[in-house]
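Peer 1: Here it is: the structure, laid out below.
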Amino acid sequence: MFETSSAIWSSCGHDLLNRNERGWLTPTDAYWRHWLARPELALVDESCAAERALHAALMDRPTRAVPSAELDAFEDDDARANHRLFLGFRDAVIAAGSLESAYAGFFKAGAIQVPPLFLDLVVQAVVCRLLEDDPDAWSWRAAEMLFRRQRVSVQDGRVLSGDSETLDMLNETGGLGEVGRLLLQGGAPLPDAQIEVLGEGNAQRYLHSRAGVGRFNFVLDLTHEVQNELPHGLTLTMTRAQSGLKALARVLEKWVRHFHGVDVAIQAETRVDDPAWRWHLGLDVESSALLNDLYQGVDVEAERQSRLISLFRLNFADPMDMQAEVRGKPVYLGLAMTAGGLLKLKPQNLLLNLPLARPV
């Protein structure tokens, strides 16, 4: 049975948010108390009297104003800095009226003052609501790419995307944390790492793995096409039915609709042959730079081109939603990894750089 949305990835606090008339997420006092319970803000044995007093006051009234003097009284510099960041974020969300308005505003303001962790938690909460009635495991796993850094590898023609933090931890500790690190140092054998490639046989197991805080130990196969060699030298190219890129495209369509209120269709492409190429945007830093160079006719070395995981074609359902000078033309999207195989998707690029007639 499909899990209720409130049981999924509870660490982002999405179940403690309300919806406004637009369907955007508005904070409750319980949501801010959830933040105060995070490790970055929770009390520890070393917490001073001033920190304990402020924490109690905020737990009682999470939206209360906090004079600078209350923070200045903190003995620990890190605790003071963490609380300043949280309060700045809290006040920005309250002033904006919703998580979505605040999120879009952070990037329009220029230099981003919000920690990446805060942004990722906002995206995770939005994603949970976008997919709350979706039983498709591939869509949920693809959605992780919007708020979790990925490590991409190419193996036997397959493009596999795994959670970077999870894979790094397993490489260092066998998945057993500090105990695992000590065991490795002592030469002790560790149990097999529980990393699986998402498929038909484990899709339900993946869906259940999201319960509570959730785990990120399933690999997404981003291979879009497979080639089969036929007799007489023929090659048959087939699109995979459960392509991770297809699933990512579906999630990005929902993301655009949620923020911009327009319908788009996004599909993965192996290449772009369009002499009238007018508009493009990268879904990450690497692809943004790569597409810009290709568009301007800059020679791009083969190794750098090989980092391009996919291209996408985005079409607006209603051309009147586009700027007049590119109306009816496709928008090309890029997805690329770094030389070290890392990928950090930036969903905010779809808020800032689409050729909308009426920007959000």
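Chain labels run A, B, ... following the order of the structure tokens; each chain numbers its residues from 1, and ligands are numbered from 1 in the order shown.
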For Ser310 of chain A, work out the shell of residues within 12 Å, counting only C-alpha atoms and skipping chain neighbours fewer than 3 positions away, then give it as a PyMOL selection string.
Peer 2: chain A and resi 159+222-225+243-246+248-249+267-272+282-284+287+290-291+305-307+313+332-337
Peer 1: Restricting it to N, CA, C and O atoms, dump the selection as a tab-separated table (two decimals), in the first residue's frame.
Peer 2:
```tsv
chain	number	residue	atom	x	y	z
A	159	VAL	N	24.26	4.78	-17.16
A	159	VAL	CA	24.54	5.98	-16.38
A	159	VAL	C	23.78	5.86	-15.06
A	159	VAL	O	22.55	5.85	-15.04
A	222	LEU	N	19.94	6.38	-15.01
A	222	LEU	CA	19.62	7.49	-15.91
A	222	LEU	C	19.80	7.13	-17.38
A	222	LEU	O	19.66	8.00	-18.24
A	223	THR	N	20.10	5.87	-17.65
A	223	THR	CA	20.27	5.45	-19.04
A	223	THR	C	18.94	5.61	-19.77
A	223	THR	O	17.92	5.04	-19.36
A	224	HIS	N	18.94	6.40	-20.82
A	224	HIS	CA	17.69	6.68	-21.52
A	224	HIS	C	17.46	5.73	-22.69
A	224	HIS	O	16.32	5.32	-22.94
A	225	GLU	N	18.52	5.38	-23.38
A	225	GLU	CA	18.40	4.51	-24.54
A	225	GLU	C	19.38	3.34	-24.42
A	225	GLU	O	20.46	3.47	-23.84
A	243	SER	N	13.11	4.84	-17.59
A	243	SER	CA	14.28	5.71	-17.60
A	243	SER	C	14.20	6.72	-16.46
A	243	SER	O	13.17	7.38	-16.27
A	244	GLY	N	15.30	6.84	-15.72
A	244	GLY	CA	15.34	7.85	-14.67
A	244	GLY	C	15.23	9.26	-15.23
A	244	GLY	O	14.72	10.16	-14.55
A	245	LEU	N	15.67	9.46	-16.46
A	245	LEU	CA	15.55	10.78	-17.08
A	245	LEU	C	14.09	11.12	-17.38
A	245	LEU	O	13.67	12.27	-17.26
A	246	LYS	N	13.31	10.11	-17.78
A	246	LYS	CA	11.88	10.34	-17.98
A	246	LYS	C	11.23	10.76	-16.67
A	246	LYS	O	10.40	11.67	-16.63
A	248	LEU	N	12.67	12.16	-14.07
A	248	LEU	CA	13.12	13.50	-13.73
A	248	LEU	C	12.35	14.54	-14.54
A	248	LEU	O	11.96	15.59	-14.00
A	249	ALA	N	12.12	14.27	-15.80
A	249	ALA	CA	11.36	15.20	-16.64
A	249	ALA	C	9.95	15.41	-16.07
A	249	ALA	O	9.45	16.54	-16.04
A	267	GLN	N	11.03	16.42	-22.38
A	267	GLN	CA	11.46	15.08	-22.77
A	267	GLN	C	12.96	15.05	-23.00
A	267	GLN	O	13.56	16.03	-23.43
A	268	ALA	N	13.55	13.92	-22.66
A	268	ALA	CA	14.99	13.74	-22.83
A	268	ALA	C	15.34	13.61	-24.30
A	268	ALA	O	14.61	13.00	-25.08
A	269	GLU	N	16.48	14.19	-24.69
A	269	GLU	CA	16.96	14.13	-26.07
A	269	GLU	C	18.41	13.66	-26.05
A	269	GLU	O	19.18	14.00	-25.14
A	270	THR	N	18.78	12.89	-27.06
A	270	THR	CA	20.17	12.45	-27.15
A	270	THR	C	21.06	13.51	-27.79
A	270	THR	O	22.27	13.57	-27.53
A	271	ARG	N	20.48	14.38	-28.60
A	271	ARG	CA	21.24	15.44	-29.24
A	271	ARG	C	20.29	16.53	-29.71
A	271	ARG	O	19.08	16.34	-29.77
A	272	VAL	N	20.85	17.68	-30.03
A	272	VAL	CA	20.06	18.80	-30.52
A	272	VAL	C	20.54	19.15	-31.92
A	272	VAL	O	21.70	19.51	-32.11
A	282	GLY	N	20.95	25.61	-18.22
A	282	GLY	CA	21.51	24.44	-17.57
A	282	GLY	C	20.79	24.17	-16.26
A	282	GLY	O	20.36	25.11	-15.58
A	283	LEU	N	20.65	22.91	-15.93
A	283	LEU	CA	20.05	22.53	-14.66
A	283	LEU	C	21.09	22.43	-13.55
A	283	LEU	O	20.77	22.02	-12.44
A	284	ASP	N	22.33	22.78	-13.86
A	284	ASP	CA	23.43	22.74	-12.90
A	284	ASP	C	24.53	23.65	-13.43
A	284	ASP	O	24.46	24.13	-14.57
A	287	SER	N	26.49	22.19	-16.71
A	287	SER	CA	25.76	22.22	-17.99
A	287	SER	C	25.47	23.64	-18.44
A	287	SER	O	25.40	23.92	-19.64
A	290	LEU	N	28.60	24.68	-20.17
A	290	LEU	CA	28.79	23.89	-21.38
A	290	LEU	C	27.83	24.32	-22.49
A	290	LEU	O	28.24	24.51	-23.65
A	291	LEU	N	26.55	24.49	-22.16
A	291	LEU	CA	25.58	24.91	-23.17
A	291	LEU	C	25.90	26.31	-23.69
A	291	LEU	O	25.73	26.58	-24.89
A	305	GLN	N	32.68	17.33	-23.02
A	305	GLN	CA	31.39	16.97	-23.61
A	305	GLN	C	30.86	15.67	-23.02
A	305	GLN	O	29.65	15.50	-22.86
A	306	SER	N	31.77	14.75	-22.67
A	306	SER	CA	31.34	13.46	-22.15
A	306	SER	C	30.69	13.57	-20.78
A	306	SER	O	30.03	12.64	-20.32
A	307	ARG	N	30.86	14.71	-20.12
A	307	ARG	CA	30.23	14.90	-18.81
A	307	ARG	C	28.75	15.25	-18.94
A	307	ARG	O	28.03	15.28	-17.94
A	313	ARG	N	14.30	18.66	-24.05
A	313	ARG	CA	13.54	19.65	-24.81
A	313	ARG	C	12.30	20.02	-24.00
A	313	ARG	O	11.52	19.14	-23.62
A	332	TYR	N	15.90	24.37	-24.50
A	332	TYR	CA	16.75	23.20	-24.28
A	332	TYR	C	17.37	23.28	-22.89
A	332	TYR	O	17.86	24.33	-22.46
A	333	LEU	N	17.31	22.16	-22.20
A	333	LEU	CA	17.88	22.05	-20.85
A	333	LEU	C	19.06	21.09	-20.89
A	333	LEU	O	19.06	20.14	-21.67
A	334	GLY	N	20.02	21.33	-20.02
A	334	GLY	CA	21.18	20.45	-19.94
A	334	GLY	C	21.37	19.92	-18.54
A	334	GLY	O	20.98	20.56	-17.55
A	335	LEU	N	21.96	18.74	-18.45
A	335	LEU	CA	22.27	18.12	-17.17
A	335	LEU	C	23.67	17.51	-17.29
A	335	LEU	O	23.91	16.69	-18.18
A	336	ALA	N	24.59	17.94	-16.44
A	336	ALA	CA	25.98	17.50	-16.57
A	336	ALA	C	26.61	17.29	-15.20
A	336	ALA	O	26.20	17.88	-14.21
A	337	MET	N	27.63	16.45	-15.17
A	337	MET	CA	28.38	16.19	-13.95
A	337	MET	C	29.74	16.87	-14.02
A	337	MET	O	30.20	17.26	-15.09
```
Peer 1: So that I can check the surroundings of segment 75-82 of chain A, please list as a count of residues only every protein, DNA and RNA residue that reaches within 10 Å of it, counting only C-alpha atoms and ignoring chain neighbours fewer than 6 positions away.
Peer 2: 12
Peer 1: From a DSSP pass on the backbone, collect the residues of segment 128-177 of chain A flagged as strand (DSSP E or B) and hand them back as a ChimeraX atom specification.
Peer 2: /A:150-155,158-163
Peer 1: At a cut-off of 7 Å, using only C-alpha atoms, what residues contact segment 210-214 of chain A? Leave out same-chain residues fewer than 5 positions from it and give the result as a PyMOL selection string.
Peer 2: chain A and resi 7-11
Peer 1: For the residues in that selection, give me all heavy atoms as a JSON list (two decimals), in the first residue's frame.
Peer 2:
```json
[["chain", "number", "residue", "atom", "x", "y", "z"],
["A", 7, "ALA", "N", 4.17, 10.42, 6.38],
["A", 7, "ALA", "CA", 5.19, 9.49, 6.88],
["A", 7, "ALA", "C", 6.49, 9.59, 6.11],
["A", 7, "ALA", "O", 7.46, 8.93, 6.46],
["A", 7, "ALA", "CB", 4.65, 8.06, 6.81],
["A", 8, "ILE", "N", 6.52, 10.40, 5.07],
["A", 8, "ILE", "CA", 7.66, 10.43, 4.15],
["A", 8, "ILE", "C", 8.60, 11.58, 4.50],
["A", 8, "ILE", "O", 8.18, 12.72, 4.67],
["A", 8, "ILE", "CB", 7.15, 10.59, 2.70],
["A", 8, "ILE", "CG1", 6.30, 9.39, 2.31],
["A", 8, "ILE", "CG2", 8.32, 10.76, 1.73],
["A", 8, "ILE", "CD1", 5.50, 9.60, 1.05],
["A", 9, "TRP", "N", 9.90, 11.27, 4.62],
["A", 9, "TRP", "CA", 10.93, 12.29, 4.77],
["A", 9, "TRP", "C", 10.52, 13.36, 5.79],
["A", 9, "TRP", "O", 10.54, 14.57, 5.49],
["A", 9, "TRP", "CB", 11.24, 12.93, 3.43],
["A", 9, "TRP", "CG", 11.92, 12.02, 2.46],
["A", 9, "TRP", "CD1", 12.70, 10.95, 2.74],
["A", 9, "TRP", "CD2", 11.88, 12.12, 1.02],
["A", 9, "TRP", "NE1", 13.16, 10.37, 1.58],
["A", 9, "TRP", "CE2", 12.67, 11.07, 0.50],
["A", 9, "TRP", "CE3", 11.27, 13.00, 0.13],
["A", 9, "TRP", "CZ2", 12.84, 10.88, -0.85],
["A", 9, "TRP", "CZ3", 11.45, 12.80, -1.22],
["A", 9, "TRP", "CH2", 12.24, 11.75, -1.70],
["A", 10, "SER", "N", 10.19, 12.92, 6.97],
["A", 10, "SER", "CA", 9.67, 13.85, 7.97],
["A", 10, "SER", "C", 10.69, 14.89, 8.42],
["A", 10, "SER", "O", 10.33, 15.90, 9.01],
["A", 10, "SER", "CB", 9.17, 13.07, 9.19],
["A", 10, "SER", "OG", 10.22, 12.29, 9.74],
["A", 11, "SER", "N", 11.98, 14.67, 8.13],
["A", 11, "SER", "CA", 13.00, 15.60, 8.60],
["A", 11, "SER", "C", 12.85, 16.99, 7.99],
["A", 11, "SER", "O", 13.33, 17.97, 8.57],
["A", 11, "SER", "CB", 14.40, 15.07, 8.29],
["A", 11, "SER", "OG", 14.57, 14.88, 6.90]]
```
Peer 1: Between A:Ala69, A:Val126, A:Cys12, A:Leu356, which has the minimum distance to Phe316 of chain A (counting only C-alpha atoms)?
Peer 2: A:Leu356
Peer 1: With only C-alpha atoms as the basis for distance, which of A:Gly23, A:Leu342, A:His14, A:Val114 is at the shortest distance from Ile309 of chain A?
Peer 2: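 The closest residue to Ile309 of chain A is A:Leu342.
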Peer 1: Excluding Asp15 of chain A and residues on its chain fewer than 4 positions from it, collect all residues at most 12 Å away from it, counting only C-alpha atoms, and give them as an MDAnalysis selection string.
Peer 2: chainID A and resid 4:11 19 25:28 30:31 34 124:129 132 212
Peer 1: Once DSSP has gone over the backbone, tell me which residues of segment 97-159 of chain A are in alpha helix (DSSP H), as a PyMOL selection string.
Peer 2: chain A and resi 99-108+116-130+137-143
Peer 1: Once you have the residues from the selection above, write them out as a compact mmCIF listing (two decimals), in the first residue's frame, restricted to N, CA, C and O atoms.
Peer 2:
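Below is the file that was written, out38.txt:
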```txt
# COMPACT_ATOMS: atom_id res chain seq x y z
N LEU A 99 6.73 29.28 1.68
CA LEU A 99 8.07 28.79 1.40
C LEU A 99 8.46 29.07 -0.04
O LEU A 99 9.60 29.44 -0.33
N GLU A 100 7.50 28.91 -0.96
CA GLU A 100 7.80 29.11 -2.37
C GLU A 100 8.16 30.56 -2.67
O GLU A 100 9.12 30.83 -3.41
N SER A 101 7.40 31.50 -2.12
CA SER A 101 7.70 32.91 -2.35
C SER A 101 9.07 33.28 -1.78
O SER A 101 9.85 34.01 -2.41
N ALA A 102 9.35 32.76 -0.59
CA ALA A 102 10.65 33.05 0.01
C ALA A 102 11.77 32.44 -0.81
O ALA A 102 12.80 33.09 -1.06
N TYR A 103 11.60 31.20 -1.24
CA TYR A 103 12.62 30.50 -2.02
C TYR A 103 12.95 31.27 -3.29
O TYR A 103 14.12 31.52 -3.60
N ALA A 104 11.92 31.66 -4.04
CA ALA A 104 12.16 32.42 -5.27
C ALA A 104 12.82 33.75 -4.95
O ALA A 104 13.72 34.21 -5.67
N GLY A 105 12.42 34.37 -3.85
CA GLY A 105 12.98 35.66 -3.49
C GLY A 105 14.45 35.60 -3.10
O GLY A 105 15.20 36.56 -3.34
N PHE A 106 14.88 34.49 -2.52
CA PHE A 106 16.29 34.36 -2.14
C PHE A 106 17.21 34.52 -3.35
O PHE A 106 18.28 35.12 -3.25
N PHE A 107 16.78 34.01 -4.50
CA PHE A 107 17.63 34.06 -5.69
C PHE A 107 17.48 35.37 -6.45
O PHE A 107 18.43 35.84 -7.07
N LYS A 108 16.33 35.98 -6.37
CA LYS A 108 16.16 37.27 -7.02
C LYS A 108 16.92 38.37 -6.31
O LYS A 108 17.26 39.39 -6.89
N PRO A 116 22.94 26.52 2.12
CA PRO A 116 22.43 25.50 1.18
C PRO A 116 21.52 24.49 1.85
O PRO A 116 20.54 24.03 1.25
N LEU A 117 21.82 24.10 3.10
CA LEU A 117 20.97 23.14 3.80
C LEU A 117 19.54 23.65 3.90
O LEU A 117 18.57 22.89 3.70
N PHE A 118 19.36 24.93 4.21
CA PHE A 118 18.03 25.50 4.34
C PHE A 118 17.29 25.41 3.00
O PHE A 118 16.11 25.05 2.95
N LEU A 119 17.98 25.76 1.92
CA LEU A 119 17.36 25.72 0.60
C LEU A 119 16.96 24.30 0.24
O LEU A 119 15.87 24.06 -0.30
N ASP A 120 17.83 23.34 0.54
CA ASP A 120 17.52 21.95 0.21
C ASP A 120 16.32 21.44 1.00
O ASP A 120 15.49 20.68 0.47
N LEU A 121 16.19 21.86 2.25
CA LEU A 121 15.05 21.43 3.05
C LEU A 121 13.75 22.04 2.54
O LEU A 121 12.69 21.40 2.58
N VAL A 122 13.81 23.26 2.03
CA VAL A 122 12.63 23.88 1.42
C VAL A 122 12.24 23.11 0.17
O VAL A 122 11.06 22.78 -0.04
N VAL A 123 13.21 22.82 -0.68
CA VAL A 123 12.92 22.08 -1.92
C VAL A 123 12.34 20.71 -1.58
O VAL A 123 11.38 20.26 -2.22
N GLN A 124 12.91 20.04 -0.60
CA GLN A 124 12.41 18.73 -0.21
C GLN A 124 10.95 18.80 0.23
O GLN A 124 10.14 17.94 -0.13
N ALA A 125 10.61 19.82 1.01
CA ALA A 125 9.23 19.98 1.46
C ALA A 125 8.29 20.21 0.29
O ALA A 125 7.19 19.64 0.21
N VAL A 126 8.71 21.06 -0.66
CA VAL A 126 7.88 21.33 -1.84
C VAL A 126 7.70 20.06 -2.66
O VAL A 126 6.59 19.73 -3.12
N VAL A 127 8.78 19.31 -2.85
CA VAL A 127 8.73 18.07 -3.63
C VAL A 127 7.76 17.08 -2.99
O VAL A 127 7.00 16.40 -3.69
N CYS A 128 7.79 16.98 -1.66
CA CYS A 128 6.88 16.05 -0.98
C CYS A 128 5.43 16.38 -1.30
O CYS A 128 4.61 15.47 -1.49
N ARG A 129 5.11 17.65 -1.34
CA ARG A 129 3.74 18.03 -1.65
C ARG A 129 3.42 17.86 -3.14
O ARG A 129 2.29 17.51 -3.50
N LEU A 130 4.39 18.08 -4.00
CA LEU A 130 4.15 17.90 -5.44
C LEU A 130 3.84 16.44 -5.78
O LEU A 130 3.06 16.16 -6.69
N ALA A 137 7.68 5.01 -7.92
CA ALA A 137 8.96 5.04 -7.22
C ALA A 137 10.02 5.82 -7.99
O ALA A 137 10.85 6.50 -7.39
N TRP A 138 9.99 5.76 -9.32
CA TRP A 138 11.02 6.43 -10.13
C TRP A 138 10.87 7.95 -10.02
O TRP A 138 11.87 8.66 -9.97
N SER A 139 9.64 8.45 -9.95
CA SER A 139 9.44 9.89 -9.78
C SER A 139 9.99 10.35 -8.44
O SER A 139 10.67 11.38 -8.36
N TRP A 140 9.72 9.59 -7.38
CA TRP A 140 10.22 9.97 -6.06
C TRP A 140 11.74 9.93 -6.01
O TRP A 140 12.37 10.84 -5.45
N ARG A 141 12.32 8.89 -6.61
CA ARG A 141 13.79 8.81 -6.58
C ARG A 141 14.40 9.91 -7.43
O ARG A 141 15.42 10.52 -7.04
N ALA A 142 13.80 10.21 -8.58
CA ALA A 142 14.31 11.31 -9.41
C ALA A 142 14.19 12.64 -8.67
O ALA A 142 15.06 13.51 -8.79
N ALA A 143 13.14 12.79 -7.87
CA ALA A 143 12.94 14.04 -7.13
C ALA A 143 14.04 14.28 -6.12
O ALA A 143 14.33 15.44 -5.78
```
Peer 1: Would you kindly return, as a list in words, each protein, DNA or RNA residue with an atom no farther than 7 Å from any atom of Glu253 of chain A, considering only C-alpha atoms and excluding same-chain residues fewer than 6 positions away?
Peer 2: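 Counting only the stated atoms, we get Val264, Ala265 and Ile266 of chain A.
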Peer 1: Applying 7 Å and only C-alpha atoms, which residues near Met322 of chain A remain after dropping the ones on its own chain fewer than 3 positions away? List them as a PyMOL selection string.
Peer 2: chain A and resi 319+326-327+355-357
Peer 1: Kindly save the residues from that selection, with all heavy atoms included, as a compact mmCIF listing (two decimals), in the first residue's frame.
Peer 2:
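Wrote part-v8.txt, looks like this:
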```txt
# COMPACT_ATOMS: atom_id res chain seq x y z
N PRO A 319 1.93 28.58 -26.27
CA PRO A 319 3.02 29.49 -26.65
C PRO A 319 2.85 30.91 -26.14
O PRO A 319 3.83 31.65 -25.99
CB PRO A 319 2.99 29.44 -28.18
CG PRO A 319 2.36 28.14 -28.51
CD PRO A 319 1.33 27.92 -27.44
N VAL A 326 10.60 34.49 -28.62
CA VAL A 326 10.91 33.05 -28.72
C VAL A 326 9.63 32.21 -28.71
O VAL A 326 9.69 31.00 -28.54
CB VAL A 326 11.84 32.59 -27.58
CG1 VAL A 326 13.21 33.23 -27.72
CG2 VAL A 326 11.24 32.91 -26.21
N ARG A 327 8.52 32.84 -28.94
CA ARG A 327 7.23 32.15 -28.84
C ARG A 327 7.17 30.97 -29.81
O ARG A 327 7.49 31.10 -30.99
CB ARG A 327 6.11 33.13 -29.11
CG ARG A 327 4.71 32.62 -28.80
CD ARG A 327 3.75 33.79 -28.69
NE ARG A 327 4.04 34.59 -27.49
CZ ARG A 327 3.69 35.86 -27.34
NH1 ARG A 327 3.08 36.49 -28.35
NH2 ARG A 327 3.97 36.50 -26.24
N PRO A 355 11.94 31.63 -20.46
CA PRO A 355 11.46 32.82 -21.18
C PRO A 355 9.96 33.03 -21.03
O PRO A 355 9.17 32.89 -21.95
CB PRO A 355 11.82 32.50 -22.64
CG PRO A 355 11.73 31.00 -22.73
CD PRO A 355 12.21 30.49 -21.38
N LEU A 356 9.55 33.36 -19.81
CA LEU A 356 8.13 33.50 -19.50
C LEU A 356 7.62 34.89 -19.88
O LEU A 356 8.30 35.90 -19.68
CB LEU A 356 7.90 33.28 -18.01
CG LEU A 356 8.11 31.85 -17.50
CD1 LEU A 356 8.36 31.86 -16.02
CD2 LEU A 356 6.91 31.00 -17.84
N ALA A 357 6.40 34.91 -20.39
CA ALA A 357 5.78 36.21 -20.68
C ALA A 357 5.47 36.95 -19.40
O ALA A 357 5.55 38.18 -19.34
CB ALA A 357 4.49 35.99 -21.49
```
